[in-house]
Amino acid sequence: MARAKPKLAVWKFSSCDGCQLSLLDCEDELLAVADAVEIANFPEASRAVVKGPYDLSLVEGSITTPHDAERIHSIRRASKFLVTIGACATAGGIQALRNFKDVREFASIVYARPEYIETLKKSTPIADHVAVNFELRGCPINKYQLVEVLSAFLNGRKPNTPPHSVCLECKQRGTVCVMVAQGVPCLGPVTQVGCGALCPSYGRGCFGCFGPKETPNTPALSSWWMQLGTAERDVMRAFRGFNAYAEPFRKESEAHEK
Amino acid sequence: MKSRTIKVDTLARVEGEGALLIKLKGQEVTDVKFRIYEPPRFFEAFLRGRSFTEVPDITARICGICPVAYQMSSCHAIEDAFGVKISPEIRALRRLLYCGEWIESHALHVYLLHAPDFLGFEDAIRMGKEHPNEVQRGLRLKKAGNAIVALLGGREIHPINVRVGGFYSIPAKRDFLAMVDELEWGRDAALETVRWLATLPIPQFERDYEFVALRHPDEYPFNEGRLVSSKGLDIAVREYEHHFAEEHVAHSNALHSRIIERNSYHVGPLARYSLNFDKLSPLAQQAAREAGLGAVCRNPFQSIIVRSVELLYACEEALRIIREFEIPEQPFAKIEPRSGIGYACTEAPRGILYHRYRLDEHGTILDAKIVPPTSQNQKTIEEDLWQLVPRNIDMTKDRLQWRCETAVRNYDPCISCATHFLKLRIERE
């Protein structure tokens, strides 16, 4: 008898859908992936739902409501491996900007009847709530890294996603440093690679989509930015982006908040 | 009297989280609630205090499916506030980028999200077992659209190369010309798509909608034009808030929109097509006619065909722009911030997307208002269901539920966008 295909589930929390869309954006690999696994729960793509347990759960989005804080536990219980995909799931996402402010005030800015809105004070990553087997970074994730993660978990090995900075990849690509050559402020030295060092290749500075690299020296980078004439407020804003609540970025933005 | 409930807790093949609840008492519908439970993310609140330079990158994150739409509306609104005029070359390239997003988004919806409904498949993977050529054609079309966004935007999702005033840098003309062969294939494939969809069993259902879309004197609308409707509205974009209002209802995290003078309205491909048929290319018009469409289409289930007509148009338009455009001398217009209010409305794949920003003299956002297409369609979707369910009351529960889900997917709802939008439940009491 043929072995049953591994069951893949995709779950969504607070997010823009872009990271799970990355799976559908694998136009060349999608049908092969669908052959290799049983897509057991993927509401964005299918109305068919197969009950758990699941061999691999991909989780997109951050926890922002009391209901979601409960729901993630039932997903963890039903999943052999749980992998978070994207900046929302691994760092709280852009919606974690509320963590620095009063969320009730935010609700009253957007909604005429804030009392209808059920929300938590903070937007938090999945790993703050349950054990996570692997975190795939990016806003959005890189689809080739996603295929690598799927392949790794289906074959019982560790995913190969480098933790070094964007700088290293600029050098590999032969992109001239935008900060050194043009004085353009760039988060590349403290940001993990994954995008292919995209922004500098288009002549702009990195703005931190993949979050902090391992052992980032954020204060040193901030002082370089200020030597280039960047206002302290703009340094604060730069660290307060899609990975604002990742600890090294959070601490650095708070150091420049007045 | 026999009561029934149809409920769908997680509506599939839509972007984001929504639910639908329909209550029936005998033959009568007693309640329809189209609920967006996607958690609120408060973009309009945290945009306050950010620099105008960050806005296109931040608002892109509202939606992973149509980030270009958010980038376009925010750039145009901020340029409106600063009195910036962009060059004809930048304008052409923005239109090309938007063509890429329309192709990618429409191919995704037509082939992967909506066509399976009409052929009775749970999803496109299952549909692909019996219709492999169609599914592969859809994926290749989607890839052709994504290739445009990836070249000019840097990547498919959340492009990095868009800035207020234009682009950070512009790829070489030869890199654009390298896409011509695939887009020529795409144009032919889109034509085949229109012909294939015309053979699907499409339910009969029409309503007298008030269609709202942009209208431009010279072209099918993307980034510019006046806001017009099928019931006589004809206004400048900056007058939007005098004519449209948002309401906050308890069952949804998305705000419901209505036209103040009348009520619900319909945005998206059906509205754009019905108000701008004369601006489509001769080939797109001819394909629409051959598929049995008139110059106005009021059957929301035919939106899938209209979407494919727009897919055809977008491929032709992308080809035209690539062949004609000149690389601009400057990739972006010079920006001098000044205090003021800016307005913009552009045609996202799902319909008009309105942005308004108030900025100070340094270009810091003081407040922001964003009205996505799906929240504008929310009321119309509920009304469609109020009328659709009684006409199909004799269907089995499973079939009726599927028909209602299809009716919601007619709008290609983007719930992630509309949160500030869906489960389907039909209750028969």
# chains A, B, ... in the order shown; residues from 1 in each chain; ligands from 1
>>> interface_residues(of="chain B", to="chain A", cutoff="7 Å", atoms="only C-alpha atoms", output="ChimeraX atom specification")
/B:12-16,38-39,41-42,44-46,61-65,113,122-123,139-140,143,154,157-158,160-161,168-169,248,250,253,416
>>> select_by_dssp(residues="segment 175-401 of chain B", states="strand (DSSP E or B)", output="NGL selection string")
:B and (211-215 or 226-229 or 234-235 or 244-247 or 256-259 or 266 or 332 or 340-348 or 351-359 or 364-371)
>>> residues_around(residues="segment 357-372 of chain B", least_positions_apart="2", cutoff="6 Å", atoms="only C-alpha atoms", output="PyMOL selection string")
chain B and resi 44+48-52+337-342+353-355+374-375+418
>>> write_last_selection(atoms="N, CA and C atoms", output="PDB file, in the first residue's frame")
ATOM      1  N   GLU B  44      -5.087  53.398   9.443  1.00  0.00           N
ATOM      2  CA  GLU B  44      -5.295  54.846   9.421  1.00  0.00           C
ATOM      3  C   GLU B  44      -4.789  55.504  10.697  1.00  0.00           C
ATOM      4  N   ARG B  48      -0.565  58.067  11.176  1.00  0.00           N
ATOM      5  CA  ARG B  48      -0.359  59.393  11.759  1.00  0.00           C
ATOM      6  C   ARG B  48       1.044  59.502  12.325  1.00  0.00           C
ATOM      7  N   GLY B  49       1.732  60.544  11.974  1.00  0.00           N
ATOM      8  CA  GLY B  49       3.093  60.732  12.478  1.00  0.00           C
ATOM      9  C   GLY B  49       4.164  60.109  11.596  1.00  0.00           C
ATOM     10  N   ARG B  50       3.785  59.399  10.536  1.00  0.00           N
ATOM     11  CA  ARG B  50       4.781  58.825   9.627  1.00  0.00           C
ATOM     12  C   ARG B  50       5.088  59.824   8.525  1.00  0.00           C
ATOM     13  N   SER B  51       6.267  59.659   7.908  1.00  0.00           N
ATOM     14  CA  SER B  51       6.654  60.533   6.819  1.00  0.00           C
ATOM     15  C   SER B  51       5.971  60.099   5.519  1.00  0.00           C
ATOM     16  N   PHE B  52       5.674  61.075   4.664  1.00  0.00           N
ATOM     17  CA  PHE B  52       5.028  60.736   3.378  1.00  0.00           C
ATOM     18  C   PHE B  52       5.851  59.739   2.576  1.00  0.00           C
ATOM     19  N   PRO B 337       7.629  69.035   0.057  1.00  0.00           N
ATOM     20  CA  PRO B 337       6.458  68.900   0.929  1.00  0.00           C
ATOM     21  C   PRO B 337       5.858  70.258   1.253  1.00  0.00           C
ATOM     22  N   ARG B 338       4.560  70.302   1.414  1.00  0.00           N
ATOM     23  CA  ARG B 338       3.880  71.497   1.909  1.00  0.00           C
ATOM     24  C   ARG B 338       2.628  71.014   2.633  1.00  0.00           C
ATOM     25  N   SER B 339       2.092  71.841   3.508  1.00  0.00           N
ATOM     26  CA  SER B 339       0.933  71.354   4.246  1.00  0.00           C
ATOM     27  C   SER B 339      -0.290  71.396   3.347  1.00  0.00           C
ATOM     28  N   GLY B 340      -1.187  70.459   3.563  1.00  0.00           N
ATOM     29  CA  GLY B 340      -2.385  70.416   2.738  1.00  0.00           C
ATOM     30  C   GLY B 340      -3.059  69.057   2.781  1.00  0.00           C
ATOM     31  N   ILE B 341      -4.115  68.952   2.002  1.00  0.00           N
ATOM     32  CA  ILE B 341      -4.874  67.705   1.930  1.00  0.00           C
ATOM     33  C   ILE B 341      -4.812  67.199   0.496  1.00  0.00           C
ATOM     34  N   GLY B 342      -4.598  65.889   0.330  1.00  0.00           N
ATOM     35  CA  GLY B 342      -4.552  65.305  -1.006  1.00  0.00           C
ATOM     36  C   GLY B 342      -5.531  64.156  -1.126  1.00  0.00           C
ATOM     37  N   LEU B 353     -10.440  52.443  -5.120  1.00  0.00           N
ATOM     38  CA  LEU B 353      -9.742  52.503  -3.837  1.00  0.00           C
ATOM     39  C   LEU B 353      -9.441  53.971  -3.558  1.00  0.00           C
ATOM     40  N   TYR B 354     -10.118  54.512  -2.536  1.00  0.00           N
ATOM     41  CA  TYR B 354     -10.016  55.945  -2.224  1.00  0.00           C
ATOM     42  C   TYR B 354      -9.038  56.186  -1.078  1.00  0.00           C
ATOM     43  N   HIS B 355      -8.143  57.152  -1.237  1.00  0.00           N
ATOM     44  CA  HIS B 355      -7.243  57.572  -0.167  1.00  0.00           C
ATOM     45  C   HIS B 355      -7.325  59.093  -0.002  1.00  0.00           C
ATOM     46  N   THR B 374     -13.708  46.394  -1.273  1.00  0.00           N
ATOM     47  CA  THR B 374     -14.595  45.367  -0.703  1.00  0.00           C
ATOM     48  C   THR B 374     -15.550  45.948   0.326  1.00  0.00           C
ATOM     49  N   SER B 375     -15.119  46.944   1.091  1.00  0.00           N
ATOM     50  CA  SER B 375     -16.073  47.492   2.056  1.00  0.00           C
ATOM     51  C   SER B 375     -17.155  48.274   1.321  1.00  0.00           C
ATOM     52  N   ALA B 418     -10.523  45.011   3.568  1.00  0.00           N
ATOM     53  CA  ALA B 418     -11.730  45.688   4.016  1.00  0.00           C
ATOM     54  C   ALA B 418     -11.835  45.759   5.519  1.00  0.00           C
TER      55      ALA B 418
END
>>> closest_residue(among="B:Tyr70, B:Trp196, B:Trp402, B:Phe82", to="Arg137 of chain B", atoms="only C-alpha atoms")
B:Trp196
>>> select_by_dssp(residues="segment 63-181 of chain B", states="helix (DSSP H, G or I)", output="mmCIF file with N, CA and C atoms, in the first residue's frame")
data_model
loop_
_atom_site.group_PDB
_atom_site.id
_atom_site.type_symbol
_atom_site.label_atom_id
_atom_site.label_comp_id
_atom_site.auth_asym_id
_atom_site.auth_seq_id
_atom_site.Cartn_x
_atom_site.Cartn_y
_atom_site.Cartn_z
ATOM 1 N N PRO B 67 -1.177 45.061 -3.571
ATOM 2 C CA PRO B 67 -0.332 46.113 -2.998
ATOM 3 C C PRO B 67 -0.105 47.281 -3.948
ATOM 4 N N VAL B 68 -0.068 47.006 -5.270
ATOM 5 C CA VAL B 68 0.166 48.075 -6.242
ATOM 6 C C VAL B 68 -0.954 49.113 -6.160
ATOM 7 N N ALA B 69 -2.194 48.653 -5.989
ATOM 8 C CA ALA B 69 -3.330 49.568 -5.883
ATOM 9 C C ALA B 69 -3.128 50.529 -4.720
ATOM 10 N N TYR B 70 -2.712 49.990 -3.565
ATOM 11 C CA TYR B 70 -2.489 50.844 -2.397
ATOM 12 C C TYR B 70 -1.355 51.813 -2.641
ATOM 13 N N GLN B 71 -0.295 51.336 -3.311
ATOM 14 C CA GLN B 71 0.833 52.226 -3.591
ATOM 15 C C GLN B 71 0.417 53.333 -4.553
ATOM 16 N N MET B 72 -0.398 52.973 -5.564
ATOM 17 C CA MET B 72 -0.814 53.977 -6.549
ATOM 18 C C MET B 72 -1.723 55.018 -5.919
ATOM 19 N N SER B 73 -2.751 54.590 -5.171
ATOM 20 C CA SER B 73 -3.657 55.572 -4.561
ATOM 21 C C SER B 73 -2.911 56.464 -3.584
ATOM 22 N N SER B 74 -1.980 55.903 -2.795
ATOM 23 C CA SER B 74 -1.298 56.752 -1.818
ATOM 24 C C SER B 74 -0.348 57.730 -2.509
ATOM 25 N N CYS B 75 0.389 57.286 -3.533
ATOM 26 C CA CYS B 75 1.283 58.216 -4.242
ATOM 27 C C CYS B 75 0.494 59.352 -4.884
ATOM 28 N N HIS B 76 -0.586 59.011 -5.584
ATOM 29 C CA HIS B 76 -1.361 60.056 -6.258
ATOM 30 C C HIS B 76 -1.971 61.039 -5.258
ATOM 31 N N ALA B 77 -2.430 60.534 -4.104
ATOM 32 C CA ALA B 77 -3.038 61.430 -3.116
ATOM 33 C C ALA B 77 -1.998 62.390 -2.539
ATOM 34 N N ILE B 78 -0.812 61.869 -2.232
ATOM 35 C CA ILE B 78 0.239 62.725 -1.652
ATOM 36 C C ILE B 78 0.728 63.725 -2.698
ATOM 37 N N GLU B 79 0.862 63.288 -3.948
ATOM 38 C CA GLU B 79 1.263 64.213 -5.021
ATOM 39 C C GLU B 79 0.207 65.306 -5.205
ATOM 40 N N ASP B 80 -1.065 64.947 -5.012
ATOM 41 C CA ASP B 80 -2.145 65.927 -5.095
ATOM 42 C C ASP B 80 -1.969 66.986 -4.008
ATOM 43 N N ALA B 81 -1.634 66.539 -2.802
ATOM 44 C CA ALA B 81 -1.442 67.482 -1.689
ATOM 45 C C ALA B 81 -0.255 68.404 -1.935
ATOM 46 N N PHE B 82 0.814 67.889 -2.522
ATOM 47 C CA PHE B 82 2.038 68.675 -2.729
ATOM 48 C C PHE B 82 2.038 69.421 -4.062
ATOM 49 N N PRO B 88 4.916 62.248 -18.358
ATOM 50 C CA PRO B 88 4.123 61.266 -19.116
ATOM 51 C C PRO B 88 4.773 59.875 -19.074
ATOM 52 N N GLU B 89 6.107 59.839 -18.989
ATOM 53 C CA GLU B 89 6.794 58.537 -18.960
ATOM 54 C C GLU B 89 6.510 57.799 -17.656
ATOM 55 N N ILE B 90 6.552 58.534 -16.537
ATOM 56 C CA ILE B 90 6.248 57.914 -15.234
ATOM 57 C C ILE B 90 4.791 57.444 -15.230
ATOM 58 N N ARG B 91 3.922 58.284 -15.798
ATOM 59 C CA ARG B 91 2.507 57.943 -15.855
ATOM 60 C C ARG B 91 2.319 56.630 -16.613
ATOM 61 N N ALA B 92 3.009 56.470 -17.736
ATOM 62 C CA ALA B 92 2.889 55.256 -18.546
ATOM 63 C C ALA B 92 3.403 54.043 -17.767
ATOM 64 N N LEU B 93 4.510 54.239 -17.035
ATOM 65 C CA LEU B 93 5.072 53.104 -16.295
ATOM 66 C C LEU B 93 4.182 52.698 -15.125
ATOM 67 N N ARG B 94 3.527 53.684 -14.487
ATOM 68 C CA ARG B 94 2.576 53.337 -13.424
ATOM 69 C C ARG B 94 1.423 52.518 -13.997
ATOM 70 N N ARG B 95 0.966 52.913 -15.192
ATOM 71 C CA ARG B 95 -0.122 52.183 -15.835
ATOM 72 C C ARG B 95 0.330 50.755 -16.161
ATOM 73 N N LEU B 96 1.577 50.606 -16.571
ATOM 74 C CA LEU B 96 2.125 49.280 -16.868
ATOM 75 C C LEU B 96 2.177 48.420 -15.598
ATOM 76 N N LEU B 97 2.622 49.034 -14.498
ATOM 77 C CA LEU B 97 2.692 48.296 -13.233
ATOM 78 C C LEU B 97 1.291 47.816 -12.825
ATOM 79 N N TYR B 98 0.302 48.714 -12.989
ATOM 80 C CA TYR B 98 -1.078 48.367 -12.656
ATOM 81 C C TYR B 98 -1.593 47.242 -13.559
ATOM 82 N N CYS B 99 -1.239 47.267 -14.855
ATOM 83 C CA CYS B 99 -1.604 46.177 -15.774
ATOM 84 C C CYS B 99 -1.083 44.849 -15.224
ATOM 85 N N GLY B 100 0.159 44.870 -14.721
ATOM 86 C CA GLY B 100 0.753 43.657 -14.161
ATOM 87 C C GLY B 100 -0.083 43.143 -13.001
ATOM 88 N N GLU B 101 -0.505 44.072 -12.110
ATOM 89 C CA GLU B 101 -1.306 43.637 -10.964
ATOM 90 C C GLU B 101 -2.684 43.121 -11.406
ATOM 91 N N TRP B 102 -3.328 43.804 -12.368
ATOM 92 C CA TRP B 102 -4.622 43.318 -12.860
ATOM 93 C C TRP B 102 -4.484 41.911 -13.445
ATOM 94 N N ILE B 103 -3.439 41.680 -14.233
ATOM 95 C CA ILE B 103 -3.266 40.368 -14.863
ATOM 96 C C ILE B 103 -3.064 39.298 -13.792
ATOM 97 N N GLU B 104 -2.180 39.581 -12.842
ATOM 98 C CA GLU B 104 -1.876 38.619 -11.770
ATOM 99 C C GLU B 104 -3.129 38.344 -10.924
ATOM 100 N N SER B 105 -3.818 39.423 -10.522
ATOM 101 C CA SER B 105 -4.958 39.282 -9.619
ATOM 102 C C SER B 105 -6.166 38.658 -10.337
ATOM 103 N N HIS B 106 -6.447 39.102 -11.557
ATOM 104 C CA HIS B 106 -7.588 38.549 -12.307
ATOM 105 C C HIS B 106 -7.343 37.085 -12.669
ATOM 106 N N ALA B 107 -6.117 36.728 -13.063
ATOM 107 C CA ALA B 107 -5.831 35.329 -13.406
ATOM 108 C C ALA B 107 -5.981 34.445 -12.172
ATOM 109 N N LEU B 108 -5.510 34.962 -11.025
ATOM 110 C CA LEU B 108 -5.669 34.232 -9.762
ATOM 111 C C LEU B 108 -7.153 33.997 -9.476
ATOM 112 N N HIS B 109 -7.954 35.059 -9.580
ATOM 113 C CA HIS B 109 -9.357 34.917 -9.210
ATOM 114 C C HIS B 109 -10.120 34.072 -10.216
ATOM 115 N N VAL B 110 -9.936 34.349 -11.503
ATOM 116 C CA VAL B 110 -10.682 33.613 -12.532
ATOM 117 C C VAL B 110 -10.362 32.119 -12.447
ATOM 118 N N TYR B 111 -9.097 31.770 -12.451
ATOM 119 C CA TYR B 111 -8.719 30.356 -12.580
ATOM 120 C C TYR B 111 -8.652 29.615 -11.254
ATOM 121 N N LEU B 112 -8.060 30.247 -10.237
ATOM 122 C CA LEU B 112 -7.822 29.490 -9.008
ATOM 123 C C LEU B 112 -8.953 29.640 -7.996
ATOM 124 N N LEU B 113 -9.663 30.764 -8.017
ATOM 125 C CA LEU B 113 -10.642 31.008 -6.962
ATOM 126 C C LEU B 113 -12.092 30.879 -7.425
ATOM 127 N N HIS B 114 -12.417 31.229 -8.666
ATOM 128 C CA HIS B 114 -13.829 31.329 -9.047
ATOM 129 C C HIS B 114 -14.279 30.246 -10.030
ATOM 130 N N ALA B 115 -13.493 29.940 -11.053
ATOM 131 C CA ALA B 115 -13.912 28.946 -12.056
ATOM 132 C C ALA B 115 -14.297 27.605 -11.421
ATOM 133 N N PRO B 116 -13.588 27.149 -10.358
ATOM 134 C CA PRO B 116 -13.973 25.854 -9.775
ATOM 135 C C PRO B 116 -15.442 25.831 -9.321
ATOM 136 N N ASP B 117 -16.002 26.991 -8.927
ATOM 137 C CA ASP B 117 -17.406 27.038 -8.500
ATOM 138 C C ASP B 117 -18.353 26.627 -9.615
ATOM 139 N N PHE B 118 -18.075 27.088 -10.823
ATOM 140 C CA PHE B 118 -19.011 26.873 -11.927
ATOM 141 C C PHE B 118 -18.897 25.446 -12.465
ATOM 142 N N LEU B 119 -17.766 24.814 -12.219
ATOM 143 C CA LEU B 119 -17.557 23.450 -12.705
ATOM 144 C C LEU B 119 -17.717 22.415 -11.594
ATOM 145 N N ALA B 124 -8.961 24.633 -7.359
ATOM 146 C CA ALA B 124 -8.331 24.562 -8.678
ATOM 147 C C ALA B 124 -7.431 23.342 -8.824
ATOM 148 N N ILE B 125 -6.879 22.849 -7.700
ATOM 149 C CA ILE B 125 -6.017 21.659 -7.771
ATOM 150 C C ILE B 125 -6.868 20.479 -8.251
ATOM 151 N N ARG B 126 -8.072 20.341 -7.658
ATOM 152 C CA ARG B 126 -8.971 19.259 -8.079
ATOM 153 C C ARG B 126 -9.470 19.512 -9.506
ATOM 154 N N MET B 127 -9.757 20.781 -9.823
ATOM 155 C CA MET B 127 -10.197 21.114 -11.183
ATOM 156 C C MET B 127 -9.106 20.744 -12.184
ATOM 157 N N GLY B 128 -7.851 20.915 -11.758
ATOM 158 C CA GLY B 128 -6.708 20.647 -12.620
ATOM 159 C C GLY B 128 -6.579 19.190 -13.040
ATOM 160 N N LYS B 129 -7.146 18.263 -12.229
ATOM 161 C CA LYS B 129 -7.092 16.847 -12.605
ATOM 162 C C LYS B 129 -7.903 16.602 -13.875
ATOM 163 N N GLU B 130 -9.023 17.329 -14.037
ATOM 164 C CA GLU B 130 -9.851 17.150 -15.235
ATOM 165 C C GLU B 130 -9.651 18.237 -16.280
ATOM 166 N N PRO B 132 -6.534 20.061 -16.935
ATOM 167 C CA PRO B 132 -5.128 20.460 -16.717
ATOM 168 C C PRO B 132 -4.693 21.621 -17.589
ATOM 169 N N ASN B 133 -5.146 21.672 -18.843
ATOM 170 C CA ASN B 133 -4.694 22.739 -19.735
ATOM 171 C C ASN B 133 -5.140 24.103 -19.248
ATOM 172 N N GLU B 134 -6.402 24.157 -18.745
ATOM 173 C CA GLU B 134 -6.917 25.431 -18.267
ATOM 174 C C GLU B 134 -6.141 25.906 -17.042
ATOM 175 N N VAL B 135 -5.938 25.003 -16.066
ATOM 176 C CA VAL B 135 -5.252 25.417 -14.841
ATOM 177 C C VAL B 135 -3.824 25.864 -15.152
ATOM 178 N N GLN B 136 -3.154 25.138 -16.055
ATOM 179 C CA GLN B 136 -1.796 25.540 -16.408
ATOM 180 C C GLN B 136 -1.777 26.882 -17.139
ATOM 181 N N ARG B 137 -2.820 27.106 -17.961
ATOM 182 C CA ARG B 137 -2.918 28.392 -18.655
ATOM 183 C C ARG B 137 -3.100 29.526 -17.650
ATOM 184 N N GLY B 138 -3.964 29.284 -16.651
ATOM 185 C CA GLY B 138 -4.193 30.286 -15.605
ATOM 186 C C GLY B 138 -2.925 30.617 -14.851
ATOM 187 N N LEU B 139 -2.171 29.584 -14.480
ATOM 188 C CA LEU B 139 -0.936 29.811 -13.723
ATOM 189 C C LEU B 139 0.082 30.583 -14.556
ATOM 190 N N ARG B 140 0.149 30.255 -15.857
ATOM 191 C CA ARG B 140 1.117 30.936 -16.711
ATOM 192 C C ARG B 140 0.733 32.407 -16.937
ATOM 193 N N LEU B 141 -0.583 32.658 -17.058
ATOM 194 C CA LEU B 141 -1.051 34.044 -17.171
ATOM 195 C C LEU B 141 -0.700 34.848 -15.923
ATOM 196 N N LYS B 142 -0.967 34.215 -14.782
ATOM 197 C CA LYS B 142 -0.677 34.848 -13.502
ATOM 198 C C LYS B 142 0.800 35.190 -13.423
ATOM 199 N N LYS B 143 1.628 34.265 -13.874
ATOM 200 C CA LYS B 143 3.079 34.465 -13.839
ATOM 201 C C LYS B 143 3.483 35.624 -14.755
ATOM 202 N N ALA B 144 2.808 35.746 -15.910
ATOM 203 C CA ALA B 144 3.140 36.833 -16.844
ATOM 204 C C ALA B 144 2.850 38.193 -16.206
ATOM 205 N N GLY B 145 1.724 38.285 -15.464
ATOM 206 C CA GLY B 145 1.399 39.529 -14.751
ATOM 207 C C GLY B 145 2.407 39.798 -13.659
ATOM 208 N N ASN B 146 2.724 38.750 -12.884
ATOM 209 C CA ASN B 146 3.701 38.896 -11.809
ATOM 210 C C ASN B 146 5.064 39.328 -12.330
ATOM 211 N N ALA B 147 5.405 38.904 -13.559
ATOM 212 C CA ALA B 147 6.718 39.252 -14.112
ATOM 213 C C ALA B 147 6.837 40.759 -14.317
ATOM 214 N N ILE B 148 5.728 41.399 -14.717
ATOM 215 C CA ILE B 148 5.734 42.857 -14.874
ATOM 216 C C ILE B 148 5.958 43.529 -13.530
ATOM 217 N N VAL B 149 5.186 43.080 -12.520
ATOM 218 C CA VAL B 149 5.303 43.685 -11.193
ATOM 219 C C VAL B 149 6.697 43.452 -10.631
ATOM 220 N N ALA B 150 7.247 42.246 -10.867
ATOM 221 C CA ALA B 150 8.571 41.921 -10.324
ATOM 222 C C ALA B 150 9.674 42.740 -10.999
ATOM 223 N N LEU B 151 9.531 42.998 -12.294
ATOM 224 C CA LEU B 151 10.565 43.781 -12.976
ATOM 225 C C LEU B 151 10.519 45.244 -12.541
ATOM 226 N N LEU B 152 9.343 45.836 -12.662
ATOM 227 C CA LEU B 152 9.235 47.266 -12.388
ATOM 228 C C LEU B 152 9.127 47.560 -10.900
ATOM 229 N N GLY B 153 8.530 46.630 -10.135
ATOM 230 C CA GLY B 153 8.334 46.850 -8.708
ATOM 231 C C GLY B 153 9.420 46.232 -7.847
ATOM 232 N N LYS B 173 15.278 49.362 -20.925
ATOM 233 C CA LYS B 173 14.216 49.101 -21.907
ATOM 234 C C LYS B 173 14.277 47.644 -22.392
ATOM 235 N N ARG B 174 15.501 47.102 -22.555
ATOM 236 C CA ARG B 174 15.608 45.722 -23.068
ATOM 237 C C ARG B 174 14.980 44.719 -22.107
ATOM 238 N N ASP B 175 14.992 45.034 -20.785
ATOM 239 C CA ASP B 175 14.386 44.113 -19.827
ATOM 240 C C ASP B 175 12.857 44.103 -19.984
ATOM 241 N N PHE B 176 12.293 45.254 -20.356
ATOM 242 C CA PHE B 176 10.854 45.303 -20.631
ATOM 243 C C PHE B 176 10.558 44.551 -21.927
ATOM 244 N N LEU B 177 11.365 44.806 -22.946
ATOM 245 C CA LEU B 177 11.122 44.170 -24.249
ATOM 246 C C LEU B 177 11.232 42.648 -24.161
ATOM 247 N N VAL B 180 7.899 40.807 -23.981
ATOM 248 C CA VAL B 180 6.930 40.937 -25.073
ATOM 249 C C VAL B 180 6.391 39.580 -25.553
ATOM 250 N N ASP B 181 7.285 38.603 -25.767
ATOM 251 C CA ASP B 181 6.829 37.307 -26.283
ATOM 252 C C ASP B 181 5.810 36.670 -25.343
#
>>> residues_around(residues="Pro203 of chain B", least_positions_apart="4", cutoff="9 Å", atoms="only C-alpha atoms", output="ChimeraX atom specification")
/B:118,299,301-302
>>> write_last_selection(atoms="N, CA and C atoms", output="PDB file, in the first residue's frame")
ATOM      1  N   PHE B 118     -18.075  27.088 -10.823  1.00  0.00           N
ATOM      2  CA  PHE B 118     -19.011  26.873 -11.927  1.00  0.00           C
ATOM      3  C   PHE B 118     -18.897  25.446 -12.465  1.00  0.00           C
ATOM      4  N   ASN B 299     -25.398  41.013 -14.559  1.00  0.00           N
ATOM      5  CA  ASN B 299     -25.408  39.711 -13.890  1.00  0.00           C
ATOM      6  C   ASN B 299     -24.074  39.511 -13.172  1.00  0.00           C
ATOM      7  N   PHE B 301     -22.854  37.072 -11.681  1.00  0.00           N
ATOM      8  CA  PHE B 301     -22.190  35.793 -11.951  1.00  0.00           C
ATOM      9  C   PHE B 301     -21.378  35.842 -13.243  1.00  0.00           C
ATOM     10  N   GLN B 302     -21.707  36.832 -14.112  1.00  0.00           N
ATOM     11  CA  GLN B 302     -20.902  36.987 -15.331  1.00  0.00           C
ATOM     12  C   GLN B 302     -19.646  37.820 -15.088  1.00  0.00           C
TER      13      GLN B 302
END
